[in-house]
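Source file: my_file18.cif. Holds: mmCIF, C-alpha atoms and all ligand atoms.
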data_protein
loop_
_atom_site.label_atom_id
_atom_site.label_comp_id
_atom_site.auth_asym_id
_atom_site.auth_seq_id
_atom_site.Cartn_x
_atom_site.Cartn_y
_atom_site.Cartn_z
CA MET A 1084 13.42 6.75 6.35
CA LEU A 1085 10.45 7.04 8.71
CA LYS A 1086 9.43 3.69 10.13
CA CYS A 1087 6.42 3.10 12.36
CA LYS A 1088 6.36 -0.35 13.93
CA ASN A 1089 3.26 -1.84 15.54
CA ILE A 1090 1.74 1.41 16.77
CA ASN A 1091 -1.37 0.99 18.91
CA ILE A 1092 -3.39 3.85 20.36
CA SER A 1093 -6.41 3.60 22.65
CA LEU A 1094 -8.70 6.26 24.03
CA LYS A 1095 -9.65 4.94 27.48
CA THR A 1096 -11.05 1.48 26.59
CA LYS A 1097 -11.64 2.23 22.90
CA LYS A 1098 -8.98 1.06 20.45
CA LEU A 1099 -8.34 3.77 17.85
CA ILE A 1100 -5.22 2.62 16.01
CA SER A 1101 -4.37 -1.10 15.74
CA ASN A 1102 -0.96 -2.33 14.65
CA PHE A 1103 -0.09 0.58 12.38
CA ASN A 1104 3.03 -0.13 10.32
CA ILE A 1105 4.65 1.92 7.58
CA SER A 1106 8.10 2.60 6.10
CA ILE A 1107 8.54 5.81 4.11
CA TYR A 1108 11.72 6.67 2.24
CA HIS A 1109 13.09 10.04 1.18
CA ASN A 1110 11.18 11.55 -1.76
CA GLU A 1111 8.02 9.61 -0.96
CA ILE A 1112 4.69 11.19 -0.09
CA TRP A 1113 2.35 8.68 1.52
CA THR A 1114 -1.31 9.28 2.33
CA LEU A 1115 -3.13 7.58 5.17
CA MET A 1116 -6.88 7.60 4.50
CA ALA A 1117 -9.48 7.15 7.23
CA PRO A 1118 -12.78 8.70 8.29
CA SER A 1119 -13.12 11.58 10.76
CA GLY A 1120 -12.77 10.57 14.38
CA SER A 1121 -10.69 7.47 13.61
CA GLY A 1122 -7.52 8.79 15.27
CA LYS A 1123 -5.50 10.24 12.36
CA SER A 1124 -4.52 13.46 14.12
CA THR A 1125 -3.76 11.54 17.32
CA LEU A 1126 -1.47 9.18 15.39
CA LEU A 1127 0.45 12.02 13.69
CA LYS A 1128 0.88 13.83 17.01
CA TYR A 1129 2.25 10.62 18.56
CA ILE A 1130 4.79 10.32 15.74
CA LEU A 1131 5.72 13.98 16.25
CA GLY A 1132 6.16 13.39 19.99
CA ASN A 1133 3.05 15.08 21.33
CA LYS A 1134 1.21 12.64 23.62
CA GLU A 1135 -2.02 13.51 25.41
CA SER A 1136 -3.20 12.23 28.77
CA ASP A 1137 -6.47 10.53 27.75
CA PHE A 1138 -4.72 8.18 25.33
CA SER A 1139 -2.48 5.15 25.84
CA TYR A 1140 0.17 4.52 23.22
CA ASN A 1141 2.67 1.87 22.25
CA GLY A 1142 4.81 1.09 19.24
CA ASP A 1143 8.19 2.20 17.94
CA ILE A 1144 9.17 5.06 15.67
CA TYR A 1145 12.46 5.20 13.78
CA VAL A 1146 13.88 8.09 11.79
CA ASN A 1147 16.82 7.18 9.57
CA GLU A 1148 17.34 3.90 11.49
CA THR A 1149 17.40 5.59 14.92
CA LYS A 1150 14.65 4.80 17.42
CA ILE A 1151 13.26 8.16 18.52
CA ASN A 1152 10.47 7.16 20.94
CA ARG A 1153 12.18 8.67 23.96
CA ARG A 1154 13.30 11.86 22.26
CA SER A 1155 11.61 15.22 22.73
CA ILE A 1156 9.76 16.85 19.82
CA THR A 1157 12.70 19.06 18.88
CA GLU A 1158 15.15 16.15 18.73
CA ARG A 1159 13.17 13.87 16.42
CA ASP A 1160 13.93 15.44 13.02
CA ILE A 1161 10.16 15.60 12.40
CA SER A 1162 7.89 18.61 11.83
CA MET A 1163 4.18 18.87 11.18
CA ILE A 1164 1.48 20.99 9.58
CA PHE A 1165 -1.40 20.64 12.05
CA GLN A 1166 -5.07 20.31 11.13
CA ASN A 1167 -6.42 23.88 10.84
CA ASP A 1168 -2.93 25.24 11.48
CA LEU A 1169 -2.52 28.96 12.14
CA LEU A 1170 -0.20 31.84 11.35
CA PHE A 1171 0.36 34.59 13.92
CA PRO A 1172 -2.37 37.10 13.02
CA HIS A 1173 -0.41 40.19 14.10
CA MET A 1174 2.64 39.43 11.94
CA THR A 1175 3.10 39.69 8.18
CA ILE A 1176 3.81 36.55 6.16
CA ILE A 1177 7.55 37.21 6.05
CA GLN A 1178 7.59 37.96 9.79
CA ASN A 1179 5.73 34.70 10.45
CA LEU A 1180 8.31 32.78 8.42
CA ASN A 1181 11.36 34.55 9.86
CA PHE A 1182 10.04 33.96 13.37
CA VAL A 1183 10.53 30.19 13.02
CA ASN A 1184 13.51 30.26 10.69
CA LYS A 1185 16.76 29.19 12.38
CA SER A 1186 18.24 27.87 9.14
CA SER A 1187 21.56 29.12 7.86
CA ASN A 1188 20.92 27.67 4.39
CA LEU A 1189 17.39 28.76 3.63
CA LYS A 1190 15.96 32.25 3.53
CA ALA A 1191 12.20 32.73 3.75
CA ILE A 1192 12.19 35.47 1.13
CA ASP A 1193 14.04 33.21 -1.34
CA LEU A 1194 11.48 30.44 -0.89
CA LEU A 1195 8.68 32.94 -1.43
CA LYS A 1196 10.38 34.27 -4.57
CA GLU A 1197 11.15 30.82 -5.99
CA ASN A 1198 7.48 29.98 -5.57
CA LYS A 1199 6.23 33.32 -6.98
CA LEU A 1200 4.75 34.28 -3.61
CA ASP A 1201 6.93 37.32 -2.83
CA HIS A 1202 3.98 39.66 -3.54
CA ILE A 1203 2.38 38.46 -0.27
CA ALA A 1204 5.55 38.79 1.86
CA ASN A 1205 4.27 41.94 3.57
CA SER A 1206 0.59 40.92 3.70
CA MET A 1207 -1.20 40.09 6.93
CA PRO A 1208 -2.45 36.45 7.26
CA ASP A 1209 -6.13 37.46 7.04
CA LYS A 1210 -5.50 39.14 3.68
CA ILE A 1211 -4.20 36.08 1.81
CA SER A 1212 -6.26 33.32 0.14
CA GLY A 1213 -6.72 29.77 1.45
CA GLY A 1214 -4.42 28.36 -1.22
CA GLU A 1215 -1.73 30.92 -0.37
CA LYS A 1216 -2.07 30.10 3.32
CA SER A 1217 -1.53 26.37 2.65
CA ARG A 1218 1.62 27.21 0.67
CA VAL A 1219 2.94 29.50 3.41
CA LEU A 1220 2.36 26.71 5.97
CA LEU A 1221 4.44 24.37 3.82
CA ILE A 1222 7.24 26.94 3.46
CA ARG A 1223 7.19 27.37 7.23
CA VAL A 1224 7.84 23.65 7.84
CA LEU A 1225 10.44 23.52 5.06
CA LEU A 1226 12.38 26.21 6.94
CA LEU A 1227 12.59 23.85 9.94
CA GLU A 1228 14.71 21.56 7.73
CA THR A 1229 13.59 18.26 9.27
CA SER A 1230 13.86 15.01 7.29
CA VAL A 1231 10.24 14.09 8.00
CA ILE A 1232 7.17 16.27 7.42
CA LEU A 1233 3.74 15.23 8.71
CA LEU A 1234 0.68 16.79 7.04
CA ASP A 1235 -2.72 16.73 8.77
CA GLU A 1236 -5.45 17.45 6.19
CA PRO A 1237 -3.44 20.32 4.67
CA PHE A 1238 -5.92 21.03 1.84
CA ASN A 1239 -9.11 21.37 3.89
CA GLY A 1240 -11.40 24.11 2.68
CA LEU A 1241 -9.80 24.56 -0.75
CA ASP A 1242 -11.95 24.45 -3.89
CA THR A 1243 -11.17 21.78 -6.50
CA GLU A 1244 -9.07 23.99 -8.79
CA THR A 1245 -7.04 25.53 -5.95
CA LYS A 1246 -6.55 22.12 -4.34
CA PHE A 1247 -5.16 20.74 -7.61
CA LYS A 1248 -2.59 23.56 -7.88
CA THR A 1249 -1.72 23.43 -4.17
CA LYS A 1250 -1.12 19.68 -4.32
CA ASP A 1251 1.25 20.27 -7.23
CA PHE A 1252 3.05 22.92 -5.16
CA PHE A 1253 3.39 20.50 -2.21
CA ASN A 1254 4.58 17.67 -4.47
CA LYS A 1255 7.27 19.80 -6.17
CA ASN A 1256 8.62 21.31 -2.96
CA LEU A 1257 8.62 18.11 -0.90
CA LEU A 1258 10.53 16.34 -3.68
CA LYS A 1259 12.87 19.27 -4.29
CA PHE A 1260 13.92 19.22 -0.62
CA ASN A 1261 14.15 15.42 -0.56
CA LYS A 1262 11.57 15.01 2.22
CA ILE A 1263 9.92 11.99 3.81
CA ALA A 1264 6.23 12.92 3.94
CA LEU A 1265 3.16 11.38 5.58
CA MET A 1266 -0.23 12.99 5.04
CA VAL A 1267 -3.50 11.99 6.69
CA THR A 1268 -6.91 12.85 5.30
CA HIS A 1269 -10.51 11.63 5.03
CA ASN A 1270 -10.79 12.97 1.46
CA LYS A 1271 -9.47 10.99 -1.53
CA ASP A 1272 -9.18 14.22 -3.55
CA ASP A 1273 -6.29 15.20 -1.26
CA VAL A 1274 -4.03 12.31 -2.30
CA ILE A 1275 -0.76 13.52 -3.88
CA ASP A 1276 0.66 10.16 -5.05
CA ASN A 1277 -2.01 7.63 -6.02
CA LYS A 1278 0.46 4.75 -5.74
CA LYS A 1279 1.20 5.49 -2.09
CA ILE A 1280 -2.09 5.20 -0.23
CA LEU A 1281 -2.77 3.32 2.97
CA ASN A 1282 -6.23 2.81 4.46
CA LEU A 1283 -6.59 2.63 8.22
P1 LIG B 1301 -9.28 12.24 13.28
O1 LIG B 1301 -8.09 13.13 13.14
O2 LIG B 1301 -9.18 10.95 12.51
O3 LIG B 1301 -10.56 12.96 12.94
P2 LIG B 1301 -8.70 12.45 16.12
O4 LIG B 1301 -7.36 11.83 16.28
O5 LIG B 1301 -8.79 13.93 16.09
O6 LIG B 1301 -9.39 11.81 14.81
O7 LIG B 1301 -9.65 11.94 17.26
C1 LIG B 1301 -9.86 10.57 17.58
C2 LIG B 1301 -10.80 10.45 18.77
O8 LIG B 1301 -10.17 10.98 19.92
C3 LIG B 1301 -12.11 11.21 18.62
O9 LIG B 1301 -13.11 10.44 19.22
C4 LIG B 1301 -11.87 12.49 19.38
O10 LIG B 1301 -13.05 13.02 19.88
C5 LIG B 1301 -10.94 12.05 20.49
N1 LIG B 1301 -9.97 13.07 20.93
C6 LIG B 1301 -9.20 13.84 20.11
N2 LIG B 1301 -8.35 14.60 20.83
C7 LIG B 1301 -8.58 14.32 22.14
C8 LIG B 1301 -8.03 14.78 23.38
N3 LIG B 1301 -7.07 15.69 23.41
N4 LIG B 1301 -8.51 14.25 24.52
C9 LIG B 1301 -9.50 13.31 24.50
N5 LIG B 1301 -10.06 12.83 23.36
C10 LIG B 1301 -9.62 13.32 22.19
MG MG B 1302 -7.92 15.05 12.45
#
Could I get this file's structure written as structure tokens?
Amino acid sequence: MLKCKNINISLKTKKLISNFNISIYHNEIWTLMAPSGSGKSTLLKYILGNKESDFSYNGDIYVNETKINRRSITERDISMIFQNDLLFPHMTIIQNLNFVNKSSNLKAIDLLKENKLDHIANSMPDKISGGEKSRVLLIRVLLLETSVILLDEPFNGLDTETKFKTKDFFNKNLLKFNKIALMVTHNKDDVIDNKKILNL
């Protein structure tokens, strides 16, 4: 379970996030909806463990009942797809995935094959489509094998049809690997599970 308890974030004197609370269990994909500039990315980065100097933060974060506030990013059991996330441009898709993969259980090529993406294994990032890139970014975080996955506007820039298929891909894979997922977005078309929406 991911539990956020009374999280408050201010930017200098401006309050961005007030008393944010949520509990997310395994196999749940929650969406936090709020307009641009409201502090969504800042909140996800705080949960991940990436604080920035202009902000003041308080509130507790628990992963599987353990308070993780004082832990470093790599010890939190949380990973994230960042807003406008990038692949290394000078590496092929499979090289990008193998670069991060420390898992002894999962092989990048198997995940590509299972998802019918092995034809792009040797492509360069600038030669794949937006929908393929979103899927590769999800496979990359799955390879990190954390319990919690944070998703910051992961479907930006996709057309309606591609977004629909990509959401289905995210839903299937997050459930298959038993993840705890929190997505933030300003766009209601991005929502994966309509029963699990929170407005900021
Ligand atoms: P959202 O993701 O909801 O669009 P952000 O969390 O990116 O919102 O930004 C919230 C506010 O904080 C905005 O006013 C933005 O300009 C500001 N901001 C974002 N990142 C920084 C930073 N590193 N330093 C100072 N201000 C920032
Ligand atoms: Mg943002």
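Atom CA of A:Lys1255 is found 26.3 Å from atom CA of A:Leu1283.
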* To do: Give the residue list for ligand LIG 1301 (chain B) at 10 Å, counting only C-alpha atoms and all ligand atoms, as an MDAnalysis selection string, sorted by chain and then by residue number.
  => chainID A and resid 1092:1095 1097:1100 1116:1129 1134:1138 1166 1235:1236 1267:1269 1283
Please dump the current selection as an mmCIF file, keeping the file's coordinate frame; keep C-alpha atoms.
data_model
loop_
_atom_site.group_PDB
_atom_site.id
_atom_site.type_symbol
_atom_site.label_atom_id
_atom_site.label_comp_id
_atom_site.auth_asym_id
_atom_site.auth_seq_id
_atom_site.Cartn_x
_atom_site.Cartn_y
_atom_site.Cartn_z
ATOM 1 C CA ILE A 1092 -3.390 3.850 20.360
ATOM 2 C CA SER A 1093 -6.410 3.600 22.650
ATOM 3 C CA LEU A 1094 -8.700 6.260 24.030
ATOM 4 C CA LYS A 1095 -9.650 4.940 27.480
ATOM 5 C CA LYS A 1097 -11.640 2.230 22.900
ATOM 6 C CA LYS A 1098 -8.980 1.060 20.450
ATOM 7 C CA LEU A 1099 -8.340 3.770 17.850
ATOM 8 C CA ILE A 1100 -5.220 2.620 16.010
ATOM 9 C CA MET A 1116 -6.880 7.600 4.500
ATOM 10 C CA ALA A 1117 -9.480 7.150 7.230
ATOM 11 C CA PRO A 1118 -12.780 8.700 8.290
ATOM 12 C CA SER A 1119 -13.120 11.580 10.760
ATOM 13 C CA GLY A 1120 -12.770 10.570 14.380
ATOM 14 C CA SER A 1121 -10.690 7.470 13.610
ATOM 15 C CA GLY A 1122 -7.520 8.790 15.270
ATOM 16 C CA LYS A 1123 -5.500 10.240 12.360
ATOM 17 C CA SER A 1124 -4.520 13.460 14.120
ATOM 18 C CA THR A 1125 -3.760 11.540 17.320
ATOM 19 C CA LEU A 1126 -1.470 9.180 15.390
ATOM 20 C CA LEU A 1127 0.450 12.020 13.690
ATOM 21 C CA LYS A 1128 0.880 13.830 17.010
ATOM 22 C CA TYR A 1129 2.250 10.620 18.560
ATOM 23 C CA LYS A 1134 1.210 12.640 23.620
ATOM 24 C CA GLU A 1135 -2.020 13.510 25.410
ATOM 25 C CA SER A 1136 -3.200 12.230 28.770
ATOM 26 C CA ASP A 1137 -6.470 10.530 27.750
ATOM 27 C CA PHE A 1138 -4.720 8.180 25.330
ATOM 28 C CA GLN A 1166 -5.070 20.310 11.130
ATOM 29 C CA ASP A 1235 -2.720 16.730 8.770
ATOM 30 C CA GLU A 1236 -5.450 17.450 6.190
ATOM 31 C CA VAL A 1267 -3.500 11.990 6.690
ATOM 32 C CA THR A 1268 -6.910 12.850 5.300
ATOM 33 C CA HIS A 1269 -10.510 11.630 5.030
ATOM 34 C CA LEU A 1283 -6.590 2.630 8.220
#
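Rounded to one decimal, atom CA of A:Phe1103 and atom CA of A:Ile1275 lie 20.8 Å from each other.
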* **Length of the atom CA of A:Leu1233 to atom CA of A:Ser1217 vector [Å]** => 13.7 Å
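Of the residues under consideration (A:Ile1280, A:Ile1151, A:Ile1112, A:Ala1191), A:Ile1112 shows the shortest atom-to-atom contact distance to A:Leu1257 when counting all atoms listed in the file.
Using all atoms listed in the file, the shortest contact distance between A:Gln1178 and any of A:Arg1223, A:Lys1199, A:Lys1216, A:Lys1246 is found at A:Arg1223.
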If you take every atom of stretch 1161-1168 of chain A that the file lists and fit an axis-aligned box around them with 6 Å extra on each side, what centre and edge lengths come out in Å to one decimal, as lines of an AutoDock Vina configuration file?
center_x = 1.9
center_y = 20.4
center_z = 11.0
size_x = 28.6
size_y = 21.6
size_z = 14.8
* To do: Using only C-alpha atoms, determine which residues lie at most 6 Å from A:Thr1175, disregarding the query and same-chain residues fewer than 4 positions distant; provide the list as a VMD selection string.
  => chain A and resid 1205 to 1207
Create the file for the chosen residues now, containing C-alpha atoms and written as a PDB file, in the coordinates of the input.
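And here's part_17.pdb as it stands now:
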ATOM      1  CA  ASN A1205       4.270  41.940   3.570  1.00  0.00           C
ATOM      2  CA  SER A1206       0.590  40.920   3.700  1.00  0.00           C
ATOM      3  CA  MET A1207      -1.200  40.090   6.930  1.00  0.00           C
TER       4      MET A1207
END
* **Non-local contacts of A:Ser1162 (7 Å; all atoms listed in the file; under 5 positions in same chain excluded) as a ChimeraX atom specification** => /A:1131,1224,1229,1231-1233
* **Using all atoms listed in the file: which of A:Ile1192, A:Ile1105, A:Leu1225, A:Leu1115 has the shortest distance to A:Lys1271** => A:Leu1115
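When all atoms listed in the file are used to measure the gap to ligand MG 1302 (chain B), the shortest distance among A:Asn1188, A:Asn1167, A:Asn1104, A:Ser1230 belongs to A:Asn1167.
Distances to ligand MG 1302 (chain B) were evaluated for A:Asp1276, A:Asp1168, A:Glu1215, A:Glu1158 using only C-alpha atoms and all ligand atoms, and the minimum falls at A:Asp1168.
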Write stretch 1165-1185 of chain A as a PDB file, in the frame of the given file, completed to N, CA, C and O atoms.
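Written file, result35.pdb:
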ATOM      1  N   PHE A1165      -0.258  21.127  11.268  1.00  0.00           N
ATOM      2  CA  PHE A1165      -1.400  20.640  12.050  1.00  0.00           C
ATOM      3  C   PHE A1165      -2.708  20.875  11.293  1.00  0.00           C
ATOM      4  O   PHE A1165      -2.794  21.738  10.417  1.00  0.00           O
ATOM      5  N   GLN A1166      -3.725  20.085  11.673  1.00  0.00           N
ATOM      6  CA  GLN A1166      -5.070  20.310  11.130  1.00  0.00           C
ATOM      7  C   GLN A1166      -5.501  21.726  11.537  1.00  0.00           C
ATOM      8  O   GLN A1166      -5.341  22.116  12.693  1.00  0.00           O
ATOM      9  N   ASN A1167      -6.033  22.487  10.584  1.00  0.00           N
ATOM     10  CA  ASN A1167      -6.420  23.880  10.840  1.00  0.00           C
ATOM     11  C   ASN A1167      -5.291  24.693  11.474  1.00  0.00           C
ATOM     12  O   ASN A1167      -5.506  25.424  12.433  1.00  0.00           O
ATOM     13  N   ASP A1168      -4.106  24.547  10.941  1.00  0.00           N
ATOM     14  CA  ASP A1168      -2.930  25.240  11.480  1.00  0.00           C
ATOM     15  C   ASP A1168      -3.083  26.753  11.305  1.00  0.00           C
ATOM     16  O   ASP A1168      -3.849  27.214  10.464  1.00  0.00           O
ATOM     17  N   LEU A1169      -2.357  27.503  12.117  1.00  0.00           N
ATOM     18  CA  LEU A1169      -2.520  28.960  12.140  1.00  0.00           C
ATOM     19  C   LEU A1169      -1.203  29.682  11.897  1.00  0.00           C
ATOM     20  O   LEU A1169      -0.119  29.164  12.196  1.00  0.00           O
ATOM     21  N   LEU A1170      -1.326  30.896  11.387  1.00  0.00           N
ATOM     22  CA  LEU A1170      -0.200  31.840  11.350  1.00  0.00           C
ATOM     23  C   LEU A1170      -0.458  32.860  12.450  1.00  0.00           C
ATOM     24  O   LEU A1170      -1.615  33.057  12.851  1.00  0.00           O
ATOM     25  N   PHE A1171       0.589  33.508  12.945  1.00  0.00           N
ATOM     26  CA  PHE A1171       0.360  34.590  13.920  1.00  0.00           C
ATOM     27  C   PHE A1171      -0.371  35.741  13.223  1.00  0.00           C
ATOM     28  O   PHE A1171       0.123  36.271  12.223  1.00  0.00           O
ATOM     29  N   PRO A1172      -1.546  36.123  13.745  1.00  0.00           N
ATOM     30  CA  PRO A1172      -2.370  37.100  13.020  1.00  0.00           C
ATOM     31  C   PRO A1172      -1.801  38.521  13.018  1.00  0.00           C
ATOM     32  O   PRO A1172      -2.158  39.319  12.150  1.00  0.00           O
ATOM     33  N   HIS A1173      -0.928  38.816  13.984  1.00  0.00           N
ATOM     34  CA  HIS A1173      -0.410  40.190  14.100  1.00  0.00           C
ATOM     35  C   HIS A1173       0.924  40.366  13.389  1.00  0.00           C
ATOM     36  O   HIS A1173       1.552  41.405  13.499  1.00  0.00           O
ATOM     37  N   MET A1174       1.370  39.326  12.667  1.00  0.00           N
ATOM     38  CA  MET A1174       2.640  39.430  11.940  1.00  0.00           C
ATOM     39  C   MET A1174       2.374  39.250  10.449  1.00  0.00           C
ATOM     40  O   MET A1174       1.478  38.485  10.053  1.00  0.00           O
ATOM     41  N   THR A1175       3.192  39.905   9.625  1.00  0.00           N
ATOM     42  CA  THR A1175       3.100  39.690   8.180  1.00  0.00           C
ATOM     43  C   THR A1175       3.572  38.273   7.846  1.00  0.00           C
ATOM     44  O   THR A1175       4.125  37.571   8.703  1.00  0.00           O
ATOM     45  N   ILE A1176       3.380  37.890   6.590  1.00  0.00           N
ATOM     46  CA  ILE A1176       3.810  36.550   6.160  1.00  0.00           C
ATOM     47  C   ILE A1176       5.316  36.380   6.363  1.00  0.00           C
ATOM     48  O   ILE A1176       5.766  35.389   6.937  1.00  0.00           O
ATOM     49  N   ILE A1177       6.091  37.355   5.924  1.00  0.00           N
ATOM     50  CA  ILE A1177       7.550  37.210   6.050  1.00  0.00           C
ATOM     51  C   ILE A1177       7.968  37.206   7.525  1.00  0.00           C
ATOM     52  O   ILE A1177       8.873  36.459   7.917  1.00  0.00           O
ATOM     53  N   GLN A1178       7.280  37.975   8.349  1.00  0.00           N
ATOM     54  CA  GLN A1178       7.590  37.960   9.790  1.00  0.00           C
ATOM     55  C   GLN A1178       7.239  36.603  10.404  1.00  0.00           C
ATOM     56  O   GLN A1178       7.984  36.072  11.234  1.00  0.00           O
ATOM     57  N   ASN A1179       6.095  36.034   9.989  1.00  0.00           N
ATOM     58  CA  ASN A1179       5.730  34.700  10.450  1.00  0.00           C
ATOM     59  C   ASN A1179       6.813  33.688  10.107  1.00  0.00           C
ATOM     60  O   ASN A1179       7.184  32.843  10.931  1.00  0.00           O
ATOM     61  N   LEU A1180       7.309  33.768   8.873  1.00  0.00           N
ATOM     62  CA  LEU A1180       8.310  32.780   8.420  1.00  0.00           C
ATOM     63  C   LEU A1180       9.651  33.014   9.117  1.00  0.00           C
ATOM     64  O   LEU A1180      10.299  32.069   9.571  1.00  0.00           O
ATOM     65  N   ASN A1181      10.066  34.268   9.224  1.00  0.00           N
ATOM     66  CA  ASN A1181      11.360  34.550   9.860  1.00  0.00           C
ATOM     67  C   ASN A1181      11.349  34.219  11.352  1.00  0.00           C
ATOM     68  O   ASN A1181      12.384  33.896  11.931  1.00  0.00           O
ATOM     69  N   PHE A1182      10.163  34.274  11.944  1.00  0.00           N
ATOM     70  CA  PHE A1182      10.040  33.960  13.370  1.00  0.00           C
ATOM     71  C   PHE A1182      10.477  32.528  13.680  1.00  0.00           C
ATOM     72  O   PHE A1182      11.081  32.263  14.722  1.00  0.00           O
ATOM     73  N   VAL A1183      10.159  31.593  12.771  1.00  0.00           N
ATOM     74  CA  VAL A1183      10.530  30.190  13.020  1.00  0.00           C
ATOM     75  C   VAL A1183      11.866  29.826  12.389  1.00  0.00           C
ATOM     76  O   VAL A1183      12.427  28.775  12.688  1.00  0.00           O
ATOM     77  N   ASN A1184      12.367  30.682  11.501  1.00  0.00           N
ATOM     78  CA  ASN A1184      13.510  30.260  10.690  1.00  0.00           C
ATOM     79  C   ASN A1184      14.838  30.381  11.426  1.00  0.00           C
ATOM     80  O   ASN A1184      15.316  31.473  11.700  1.00  0.00           O
ATOM     81  N   LYS A1185      15.435  29.216  11.738  1.00  0.00           N
ATOM     82  CA  LYS A1185      16.760  29.190  12.380  1.00  0.00           C
ATOM     83  C   LYS A1185      17.796  28.679  11.374  1.00  0.00           C
ATOM     84  O   LYS A1185      18.937  28.419  11.719  1.00  0.00           O
TER      85      LYS A1185
END
